[in-house]
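Undergrad: What follows is query.pdb; its format and atoms are PDB, C-alpha atoms.
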```
ATOM      1  CA  MET E  42      20.877 118.052  50.379
ATOM      2  CA  THR E  43      19.678 116.135  53.449
ATOM      3  CA  GLN E  44      22.794 116.288  55.655
ATOM      4  CA  ILE E  45      24.753 119.458  56.418
ATOM      5  CA  THR E  46      27.906 118.409  58.227
ATOM      6  CA  GLU E  47      31.670 118.413  57.751
ATOM      7  CA  ASP E  48      31.187 115.679  55.129
ATOM      8  CA  THR E  49      29.083 117.960  52.908
ATOM      9  CA  PHE E  50      30.926 121.255  53.499
ATOM     10  CA  GLU E  51      32.496 121.330  50.019
ATOM     11  CA  GLN E  52      29.082 120.801  48.364
ATOM     12  CA  VAL E  53      27.500 123.497  50.535
ATOM     13  CA  LEU E  54      30.305 125.926  49.669
ATOM     14  CA  HIS E  55      29.885 125.188  45.964
ATOM     15  CA  LEU E  56      26.121 125.724  46.234
ATOM     16  CA  PHE E  57      26.565 129.106  47.922
ATOM     17  CA  LYS E  58      29.057 130.255  45.309
ATOM     18  CA  GLU E  59      26.885 129.261  42.374
ATOM     19  CA  THR E  60      23.411 130.455  43.341
ATOM     20  CA  PRO E  61      21.774 133.465  45.053
ATOM     21  CA  GLU E  62      19.117 131.272  46.746
ATOM     22  CA  ILE E  63      20.172 128.377  48.951
ATOM     23  CA  ASP E  64      17.608 125.633  49.361
ATOM     24  CA  LEU E  65      17.900 123.752  52.660
ATOM     25  CA  GLN E  66      14.272 122.637  52.671
ATOM     26  CA  GLU E  67      15.101 118.927  52.501
ATOM     27  CA  ALA E  68      17.738 119.069  55.244
ATOM     28  CA  ALA E  69      17.046 116.364  57.841
ATOM     29  CA  PHE E  70      20.218 116.820  59.892
ATOM     30  CA  ILE E  71      22.479 119.814  60.553
ATOM     31  CA  ASP E  72      25.243 119.493  63.136
ATOM     32  CA  PRO E  73      27.288 122.305  64.785
ATOM     33  CA  TYR E  74      29.836 122.219  61.933
ATOM     34  CA  GLY E  75      27.010 122.576  59.406
ATOM     35  CA  MET E  76      25.408 125.477  61.270
ATOM     36  CA  VAL E  77      28.602 127.387  61.928
ATOM     37  CA  SER E  78      29.777 126.896  58.338
ATOM     38  CA  ILE E  79      26.488 128.264  56.949
ATOM     39  CA  LEU E  80      26.881 131.361  59.143
ATOM     40  CA  GLU E  81      30.523 131.838  58.133
ATOM     41  CA  ILE E  82      29.717 131.465  54.434
ATOM     42  CA  GLY E  83      26.886 133.986  54.866
ATOM     43  CA  GLU E  84      29.217 136.364  56.673
ATOM     44  CA  LEU E  85      31.801 136.063  53.891
ATOM     45  CA  PHE E  86      29.290 136.903  51.154
ATOM     46  CA  LYS E  87      27.811 139.739  53.169
ATOM     47  CA  SER E  88      31.275 141.238  53.611
ATOM     48  CA  LYS E  89      31.457 141.293  49.790
ATOM     49  CA  GLY E  90      28.086 143.050  49.583
ATOM     50  CA  THR E  91      25.879 140.019  48.835
ATOM     51  CA  GLN E  92      23.071 138.875  51.125
ATOM     52  CA  LYS E  93      21.790 135.517  49.912
ATOM     53  CA  THR E  94      18.377 133.984  50.507
ATOM     54  CA  LEU E  95      18.267 130.907  52.708
ATOM     55  CA  HIS E  96      15.238 128.611  52.335
ATOM     56  CA  LEU E  97      14.967 126.986  55.748
ATOM     57  CA  PRO E  98      14.395 123.267  56.373
ATOM     58  CA  LYS E  99      10.795 122.050  56.320
ATOM     59  CA  SER E 100      11.472 119.643  59.186
ATOM     60  CA  GLU E 101      10.274 121.065  62.481
ATOM     61  CA  GLU E 102      12.756 118.826  64.287
ATOM     62  CA  VAL E 103      15.611 120.530  62.445
ATOM     63  CA  LEU E 104      14.149 124.013  63.006
ATOM     64  CA  LYS E 105      13.799 123.188  66.687
ATOM     65  CA  TYR E 106      17.469 122.250  66.841
ATOM     66  CA  LEU E 107      18.568 125.386  64.953
ATOM     67  CA  GLU E 108      16.549 127.451  67.420
ATOM     68  CA  ARG E 109      18.015 125.601  70.407
ATOM     69  CA  MET E 110      21.552 126.228  69.124
ATOM     70  CA  ASP E 111      20.888 129.998  68.665
ATOM     71  CA  PHE E 112      21.387 129.746  64.888
ATOM     72  CA  PHE E 113      18.635 132.305  64.237
ATOM     73  CA  LYS E 114      20.289 134.797  66.557
ATOM     74  CA  PHE E 115      22.973 135.278  63.881
ATOM     75  CA  ALA E 116      21.427 134.030  60.624
ATOM     76  CA  ASP E 117      19.167 137.085  60.304
ATOM     77  CA  SER E 118      22.104 139.408  59.871
ATOM     78  CA  TYR E 119      23.718 137.344  57.080
ATOM     79  CA  PHE E 120      20.734 136.051  55.095
ATOM     80  CA  ASN E 121      17.256 136.799  53.876
ATOM     81  CA  LEU E 122      15.460 133.907  55.575
ATOM     82  CA  GLU E 123      12.521 132.118  53.948
ATOM     83  CA  PRO E 124      10.216 131.924  55.807
ATOM     84  CA  PRO E 125      11.428 135.059  57.665
ATOM     85  CA  LYS E 126      10.076 133.887  61.035
ATOM     86  CA  PRO E 127       9.994 130.082  61.113
ATOM     87  CA  LYS E 128       7.149 128.691  63.196
ATOM     88  CA  ILE E 129       8.325 126.446  66.003
ATOM     89  CA  SER E 130       5.658 124.970  68.250
ATOM     90  CA  GLU E 131       5.850 125.962  71.901
ATOM     91  CA  LYS E 132       6.840 122.537  73.169
ATOM     92  CA  TYR E 133       9.998 122.644  71.054
ATOM     93  CA  LEU E 134      11.546 125.684  72.685
ATOM     94  CA  ARG E 135      14.323 125.270  75.262
ATOM     95  CA  SER E 136      14.101 122.740  77.999
ATOM     96  CA  SER E 137      16.399 122.665  80.997
ATOM     97  CA  TYR E 138      17.531 119.159  80.031
ATOM     98  CA  SER E 139      19.548 119.267  76.862
ATOM     99  CA  ASP E 140      22.527 117.706  75.126
ATOM    100  CA  VAL E 141      23.830 121.104  74.073
ATOM    101  CA  LEU E 142      27.190 121.848  75.686
ATOM    102  CA  LEU E 143      27.429 125.229  73.985
ATOM    103  CA  GLU E 144      25.064 127.113  71.700
ATOM    104  CA  ILE E 145      26.642 128.883  68.723
ATOM    105  CA  THR E 146      28.759 131.552  70.396
ATOM    106  CA  PRO E 147      30.921 134.271  68.841
ATOM    107  CA  ILE E 148      34.630 134.539  69.739
ATOM    108  CA  GLU E 149      36.174 137.985  69.359
ATOM    109  CA  LYS E 150      38.185 138.606  72.520
ATOM    110  CA  SER E 151      39.680 136.738  75.471
ATOM    111  CA  ASP E 152      36.623 137.536  77.616
ATOM    112  CA  ASP E 153      34.556 135.439  75.218
ATOM    113  CA  ILE E 154      36.754 132.417  75.951
ATOM    114  CA  HIS E 155      36.217 132.866  79.707
ATOM    115  CA  PHE E 156      32.465 132.952  79.084
ATOM    116  CA  ILE E 157      32.621 129.864  76.839
ATOM    117  CA  VAL E 158      34.735 127.879  79.303
ATOM    118  CA  GLY E 159      32.418 128.842  82.187
ATOM    119  CA  ARG E 160      29.316 127.808  80.254
ATOM    120  CA  VAL E 161      30.835 124.508  79.149
ATOM    121  CA  LYS E 162      32.140 123.721  82.648
ATOM    122  CA  ASP E 163      28.616 124.151  84.012
ATOM    123  CA  ARG E 164      27.257 121.600  81.575
ATOM    124  CA  ALA E 165      30.270 119.300  81.221
ATOM    125  CA  ASN E 166      29.662 117.335  84.394
ATOM    126  CA  THR E 167      26.091 116.564  83.410
ATOM    127  CA  ILE E 168      26.772 115.741  79.769
ATOM    128  CA  LEU E 169      30.356 114.465  79.653
ATOM    129  CA  LYS E 170      30.105 112.416  82.860
ATOM    130  CA  ARG E 171      26.667 110.986  82.178
ATOM    131  CA  HIS E 172      26.930 110.279  78.457
ATOM    132  CA  LEU E 173      30.652 109.949  77.708
ATOM    133  CA  ASN E 174      31.890 108.512  81.038
ATOM    134  CA  TYR E 175      34.498 111.264  81.362
ATOM    135  CA  ASP E 176      36.150 111.618  84.757
ATOM    136  CA  GLU E 177      37.486 114.877  86.234
ATOM    137  CA  ARG E 178      40.818 114.565  84.424
ATOM    138  CA  ALA E 179      39.172 114.004  81.050
ATOM    139  CA  ILE E 180      36.782 116.909  81.592
ATOM    140  CA  ASN E 181      39.685 119.205  82.480
ATOM    141  CA  GLY E 182      41.518 118.052  79.351
ATOM    142  CA  PHE E 183      38.382 118.767  77.326
ATOM    143  CA  ILE E 184      38.182 122.320  78.752
ATOM    144  CA  VAL E 185      41.877 122.967  78.022
ATOM    145  CA  ALA E 186      41.511 121.692  74.436
ATOM    146  CA  LEU E 187      38.440 123.871  73.914
ATOM    147  CA  SER E 188      40.250 126.945  75.299
ATOM    148  CA  GLU E 189      43.174 126.306  72.956
ATOM    149  CA  VAL E 190      41.086 126.026  69.779
ATOM    150  CA  CYS E 191      39.193 129.207  70.722
ATOM    151  CA  GLN E 192      42.445 131.012  71.582
ATOM    152  CA  ASN E 193      43.729 129.971  68.158
ATOM    153  CA  ILE E 194      41.057 132.220  66.594
ATOM    154  CA  ILE E 195      42.044 135.257  68.641
ATOM    155  CA  GLU E 196      45.775 134.800  68.119
ATOM    156  CA  HIS E 197      45.868 133.748  64.497
ATOM    157  CA  SER E 198      42.766 134.826  62.679
ATOM    158  CA  GLU E 199      42.664 138.618  63.166
ATOM    159  CA  ASN E 200      38.910 138.165  62.868
ATOM    160  CA  LYS E 201      36.035 136.873  64.960
ATOM    161  CA  GLY E 202      34.883 133.290  64.916
ATOM    162  CA  PHE E 203      32.096 130.998  66.088
ATOM    163  CA  VAL E 204      32.038 127.851  68.212
ATOM    164  CA  GLY E 205      29.242 125.319  68.857
ATOM    165  CA  ILE E 206      29.254 122.000  70.801
ATOM    166  CA  GLN E 207      26.675 119.208  70.941
ATOM    167  CA  LYS E 208      26.390 115.622  72.158
ATOM    168  CA  TYR E 209      24.883 112.996  69.810
ATOM    169  CA  HIS E 210      24.194 109.325  69.845
ATOM    170  CA  PHE E 211      26.254 108.055  66.954
ATOM    171  CA  HIS E 212      24.760 105.010  65.250
ATOM    172  CA  GLN E 213      27.295 104.735  62.454
ATOM    173  CA  LYS E 214      30.053 102.219  63.138
ATOM    174  CA  ILE E 215      30.296 102.575  66.928
ATOM    175  CA  ASN E 216      26.787 102.976  68.385
ATOM    176  CA  LYS E 217      28.095 105.329  71.085
ATOM    177  CA  ASN E 218      27.642 108.858  72.315
ATOM    178  CA  VAL E 219      29.911 111.409  70.653
ATOM    179  CA  VAL E 220      30.568 115.082  71.339
ATOM    180  CA  LYS E 221      31.123 117.341  68.318
ATOM    181  CA  ILE E 222      32.985 120.653  68.610
ATOM    182  CA  ALA E 223      33.002 123.053  65.644
ATOM    183  CA  VAL E 224      35.199 126.177  65.689
ATOM    184  CA  MET E 225      35.554 128.461  62.667
ATOM    185  CA  ASP E 226      36.736 131.900  61.648
ATOM    186  CA  LEU E 227      37.147 133.952  58.465
ATOM    187  CA  GLY E 228      40.613 135.214  59.355
ATOM    188  CA  ILE E 229      43.979 135.039  57.640
ATOM    189  CA  GLY E 230      44.359 131.248  57.866
ATOM    190  CA  PHE E 231      47.332 129.068  58.827
ATOM    191  CA  LYS E 232      49.647 129.813  55.906
ATOM    192  CA  LYS E 233      49.534 133.582  56.311
ATOM    193  CA  SER E 234      49.572 133.413  60.097
ATOM    194  CA  LEU E 235      52.803 131.387  60.067
ATOM    195  CA  SER E 236      54.360 133.082  57.027
ATOM    196  CA  GLU E 237      56.481 135.589  58.940
ATOM    197  CA  ARG E 238      58.581 132.802  60.432
ATOM    198  CA  PHE E 239      57.994 130.002  57.918
ATOM    199  CA  PRO E 240      57.381 130.714  54.225
ATOM    200  CA  PHE E 241      55.271 127.610  53.534
ATOM    201  CA  ARG E 242      54.566 126.723  49.919
ATOM    202  CA  ASN E 243      50.928 125.843  50.465
ATOM    203  CA  ASP E 244      48.061 125.643  52.961
ATOM    204  CA  PHE E 245      48.448 121.931  53.635
ATOM    205  CA  GLU E 246      52.072 122.242  54.692
ATOM    206  CA  ALA E 247      51.167 125.070  57.109
ATOM    207  CA  ILE E 248      48.321 123.076  58.744
ATOM    208  CA  GLU E 249      50.487 119.960  58.980
ATOM    209  CA  LYS E 250      53.382 121.756  60.652
ATOM    210  CA  ALA E 251      51.087 123.539  63.150
ATOM    211  CA  LEU E 252      49.144 120.410  64.111
ATOM    212  CA  LEU E 253      51.788 117.685  63.908
ATOM    213  CA  HIS E 254      55.116 119.475  64.425
ATOM    214  CA  ARG E 255      54.348 122.198  66.979
ATOM    215  CA  VAL E 256      55.264 125.000  64.574
ATOM    216  CA  SER E 257      54.040 128.381  65.824
ATOM    217  CA  ARG E 258      54.058 131.991  64.674
ATOM    218  CA  TYR E 259      55.759 132.823  67.993
ATOM    219  CA  ALA E 260      59.461 132.310  68.633
ATOM    220  CA  ASP E 261      58.669 132.236  72.359
ATOM    221  CA  GLU E 262      58.718 128.585  73.456
ATOM    222  CA  GLY E 263      55.735 128.961  75.767
ATOM    223  CA  ARG E 264      53.317 130.347  73.198
ATOM    224  CA  GLY E 265      51.468 129.120  70.182
ATOM    225  CA  HIS E 266      51.670 125.361  70.676
ATOM    226  CA  GLY E 267      48.008 125.048  71.570
ATOM    227  CA  LEU E 268      47.094 122.808  68.651
ATOM    228  CA  ALA E 269      49.741 120.283  69.665
ATOM    229  CA  ALA E 270      48.045 120.090  73.087
ATOM    230  CA  VAL E 271      44.654 119.691  71.411
ATOM    231  CA  ARG E 272      45.976 116.887  69.192
ATOM    232  CA  LYS E 273      47.455 115.125  72.229
ATOM    233  CA  PHE E 274      44.121 115.287  74.066
ATOM    234  CA  VAL E 275      42.138 114.115  71.017
ATOM    235  CA  ASN E 276      44.552 111.191  70.498
ATOM    236  CA  GLN E 277      44.390 110.249  74.166
ATOM    237  CA  TRP E 278      40.619 109.833  73.994
ATOM    238  CA  ASN E 279      40.642 108.235  70.517
ATOM    239  CA  GLY E 280      38.897 111.233  68.947
ATOM    240  CA  LYS E 281      38.930 112.774  65.491
ATOM    241  CA  ILE E 282      40.219 116.216  64.554
ATOM    242  CA  SER E 283      40.155 117.911  61.173
ATOM    243  CA  ILE E 284      41.474 121.333  60.204
ATOM    244  CA  ARG E 285      40.591 123.049  56.945
ATOM    245  CA  SER E 286      42.270 126.300  55.939
ATOM    246  CA  GLY E 287      42.479 128.016  52.566
ATOM    247  CA  THR E 288      42.494 125.223  49.985
ATOM    248  CA  ALA E 289      43.568 122.273  52.148
ATOM    249  CA  LYS E 290      42.403 120.018  54.941
ATOM    250  CA  LEU E 291      44.198 117.644  57.284
ATOM    251  CA  SER E 292      42.356 115.080  59.427
ATOM    252  CA  ILE E 293      43.479 112.649  62.104
ATOM    253  CA  ILE E 294      40.983 109.812  61.841
ATOM    254  CA  PRO E 295      40.477 107.042  64.431
ATOM    255  CA  ASP E 296      39.330 103.577  63.384
ATOM    256  CA  TRP E 297      35.683 104.295  64.287
ATOM    257  CA  SER E 298      35.401 107.275  61.932
ATOM    258  CA  TRP E 299      35.963 107.960  58.218
ATOM    259  CA  GLY E 300      37.184 110.601  55.782
ATOM    260  CA  LYS E 301      40.388 111.509  53.956
ATOM    261  CA  GLU E 302      43.506 112.354  55.923
ATOM    262  CA  LYS E 303      44.843 114.753  53.316
ATOM    263  CA  GLU E 304      42.848 116.978  50.962
ATOM    264  CA  THR E 305      44.326 119.648  48.710
ATOM    265  CA  ASN E 306      43.153 121.852  45.809
ATOM    266  CA  LEU E 307      39.843 122.514  47.556
ATOM    267  CA  THR E 308      37.744 125.606  46.832
ATOM    268  CA  HIS E 309      39.445 128.472  48.632
ATOM    269  CA  PHE E 310      37.742 129.511  51.865
ATOM    270  CA  PRO E 311      39.381 131.974  54.262
ATOM    271  CA  GLY E 312      40.319 131.421  57.895
ATOM    272  CA  SER E 313      40.261 128.022  59.563
ATOM    273  CA  GLN E 314      37.541 125.439  60.125
ATOM    274  CA  ILE E 315      38.176 122.970  62.956
ATOM    275  CA  ASN E 316      36.052 119.937  63.778
ATOM    276  CA  ILE E 317      36.648 117.696  66.807
ATOM    277  CA  MET E 318      34.704 114.534  67.642
ATOM    278  CA  LEU E 319      35.184 112.716  70.947
ATOM    279  CA  PRO E 320      33.618 109.313  71.616
ATOM    280  CA  GLU E 321      32.208 107.834  74.791
ATOM    281  CA  ILE E 322      34.810 106.072  76.921
ATOM    282  CA  GLU E 323      34.445 102.335  77.506
ATOM    283  CA  ILE E 324      34.022 101.504  81.172
ATOM    284  CA  SER E 325      35.812  98.298  82.088
ATOM    285  CA  HIS E 326      33.886  96.090  84.509
TER     286      HIS E 326
END
```
Take the structure I supplied and represent it as structure tokens, if you would.
TA:
Amino acid sequence: MTQITEDTFEQVLHLFKETPEIDLQEAAFIDPYGMVSILEIGELFKSKGTQKTLHLPKSEEVLKYLERMDFFKFADSYFNLEPPKPKISEKYLRSSYSDVLLEITPIEKSDDIHFIVGRVKDRANTILKRHLNYDERAINGFIVALSEVCQNIIEHSENKGFVGIQKYHFHQKINKNVVKIAVMDLGIGFKKSLSERFPFRNDFEAIEKALLHRVSRYADEGRGHGLAAVRKFVNQWNGKISIRSGTAKLSIIPDWSWGKEKETNLTHFPGSQINIMLPEIEISH
């Protein structure tokens, strides 16, 4: 497998379920969604008493990126890595100039969200202004949306999660800069989280109601509508959002992207997996 992204998540999950040794040696590209999903799959198997072997990519470019995103900080505890200490030449270690808005960061408590927001704010002006043409209002909207998806983990998952954010130049279809945000947890998922107030028949219905119809586990009007705010922000900037939970996935797809809007009967995976992609804004002259 050469690409490890949202598009290949189902294949990666299948691979992990079927074999004790996962071969990523040919991987030429791994984005934040790919990295965070590998860690979450590893965490899931470890919680069941299985520590799988992960054969790392041969590409030094990819290893460099994994290192820069702090992947190895967490991978060690979930996998037997091969090679155990990947060699990355000195020049590839961190530079002060980077397109990383946020390295892979755990979310367990509200303090973590304050840390995440602070870190992203520090870098947002440089990256979002320079590469995506975001103004102050857009950057504030970005921060609010990020806070809401992270808060979603604390309020709904009953578990910890991970988040990672990176800017890319996107050649496919639009030839623009794009920011990718990946947020995942291994918690109870949408259906169970909402089940006390709404006995949904399946995972898809629960995701759909939370994202599109402002349904919340809280009766209190002021709480739990975070995803509706996220969707509004993503729509406003012509972005893409996808949410996978349990056996289903719902995506809102702009014309510059691709994928299926509705997916059901997927391999069960606990918690929720959220991917957001925001494109560069056109500047009118």
Undergrad: Tell me, as a ChimeraX atom specification, which residues lie within 10 Å of Glu108 (chain E), counting only C-alpha atoms; anything in the same chain fewer than 2 positions away does not count.
TA: /E:102-106,110-114,127,129,133-135,144
Undergrad: So that I have them on file, write out the residues from the current selection with C-alpha atoms, as a CSV table (one decimal), keeping the file's coordinate frame.
TA:
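Dumped everything to out06.csv:
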```csv
chain,number,residue,atom,x,y,z
E,102,GLU,CA,12.8,118.8,64.3
E,103,VAL,CA,15.6,120.5,62.4
E,104,LEU,CA,14.1,124.0,63.0
E,105,LYS,CA,13.8,123.2,66.7
E,106,TYR,CA,17.5,122.2,66.8
E,110,MET,CA,21.6,126.2,69.1
E,111,ASP,CA,20.9,130.0,68.7
E,112,PHE,CA,21.4,129.7,64.9
E,113,PHE,CA,18.6,132.3,64.2
E,114,LYS,CA,20.3,134.8,66.6
E,127,PRO,CA,10.0,130.1,61.1
E,129,ILE,CA,8.3,126.4,66.0
E,133,TYR,CA,10.0,122.6,71.1
E,134,LEU,CA,11.5,125.7,72.7
E,135,ARG,CA,14.3,125.3,75.3
E,144,GLU,CA,25.1,127.1,71.7
```
Undergrad: Where does the PyMOL selection byres ((chain E and resi 201) around 8) land in this file, that is, which residues does it pick, as a short mmCIF file (atom, residue, chain, number, x, y, z; two decimals) with C-alpha atoms, keeping the file's coordinate frame?
TA:
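Listed below is the output, part_28.cif:
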```cif
data_model
loop_
_atom_site.label_atom_id
_atom_site.label_comp_id
_atom_site.auth_asym_id
_atom_site.auth_seq_id
_atom_site.Cartn_x
_atom_site.Cartn_y
_atom_site.Cartn_z
CA PRO E 147 30.92 134.27 68.84
CA ILE E 148 34.63 134.54 69.74
CA GLU E 149 36.17 137.99 69.36
CA ILE E 194 41.06 132.22 66.59
CA ILE E 195 42.04 135.26 68.64
CA SER E 198 42.77 134.83 62.68
CA GLU E 199 42.66 138.62 63.17
CA ASN E 200 38.91 138.16 62.87
CA GLY E 202 34.88 133.29 64.92
CA PHE E 203 32.10 131.00 66.09
CA ASP E 226 36.74 131.90 61.65
CA LEU E 227 37.15 133.95 58.46
CA GLY E 228 40.61 135.21 59.36
#
```
Undergrad: Determine, counting only C-alpha atoms, which protein, DNA and RNA residues have an atom within 12 Å of an atom of Thr167 (chain E); residues of the same chain fewer than 2 positions away are not included. Present the result as a PyMOL selection string.
TA: chain E and resi 137-142+161-165+169-177+180+208
Undergrad: Report as a count of residues only the full result of the PyMOL selection byres ((chain E and resi 233-238) around 10) when it is applied to this structure.
TA: 26
Undergrad: Using all atoms listed in the file, which of E:His254, E:Ile317, E:Pro61, E:Leu85 sits nearest Trp278 (chain E)?
TA: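 Smallest separation from Trp278 (chain E) among the options: E:Ile317.
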Undergrad: For Asn218 (chain E), which residue among E:Lys290, E:Glu84, E:Glu189, E:Gly280 is the nearest when counting only C-alpha atoms?
TA: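 Going through E:Lys290, E:Glu84, E:Glu189, E:Gly280 one by one, the smallest distance to Asn218 (chain E) is for E:Gly280.
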Undergrad: For the point (22.4, 123.5, 58.2) in the file's frame, write as a PDB file with C-alpha atoms, keeping the file's coordinate frame all residues with an atom no more than 7 Å away, counting only C-alpha atoms.
TA:
```
ATOM      1  CA  ILE E  45      24.753 119.458  56.418  1.00  0.00           C
ATOM      2  CA  ILE E  71      22.479 119.814  60.553  1.00  0.00           C
ATOM      3  CA  ASP E  72      25.243 119.493  63.136  1.00  0.00           C
ATOM      4  CA  GLY E  75      27.010 122.576  59.406  1.00  0.00           C
ATOM      5  CA  MET E  76      25.408 125.477  61.270  1.00  0.00           C
ATOM      6  CA  ILE E  79      26.488 128.264  56.949  1.00  0.00           C
TER       7      ILE E  79
END
```
Undergrad: Considering all atoms listed in the file, return as a list in words whatever protein or nucleic-acid residues lie within 10 Å of Lys273 (chain E), sequence-local ones (same chain, fewer than 6 positions apart) excluded.
TA: Gly182, Ala186, Leu252, Leu253, Gly267, Asn279 and Gly280 of chain E
Undergrad: Can you give me, as a PyMOL selection string, the residues this file yields under the PyMOL selection byres ((chain E and resi 304) around 7)?
TA: chain E and resi 289-291+301-303+305
Undergrad: Pick from E:Thr43, E:Leu187, E:Lys93, E:Pro73: nearest to Thr60 (chain E), with all atoms listed in the file counted?
TA: E:Lys93
Undergrad: Tell me which of E:Gln52, E:Gln213, E:Thr94, E:Asn121 sits closest to Asp64 (chain E), counting only C-alpha atoms.
TA: E:Thr94
Undergrad: Calculate how many Å separate CA of Gly205 (chain E) from CA of Ala223 (chain E), rounding to one decimal.
TA: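 CA of Ala223 (chain E) lies at a distance of 5.4 Å from CA of Gly205 (chain E).
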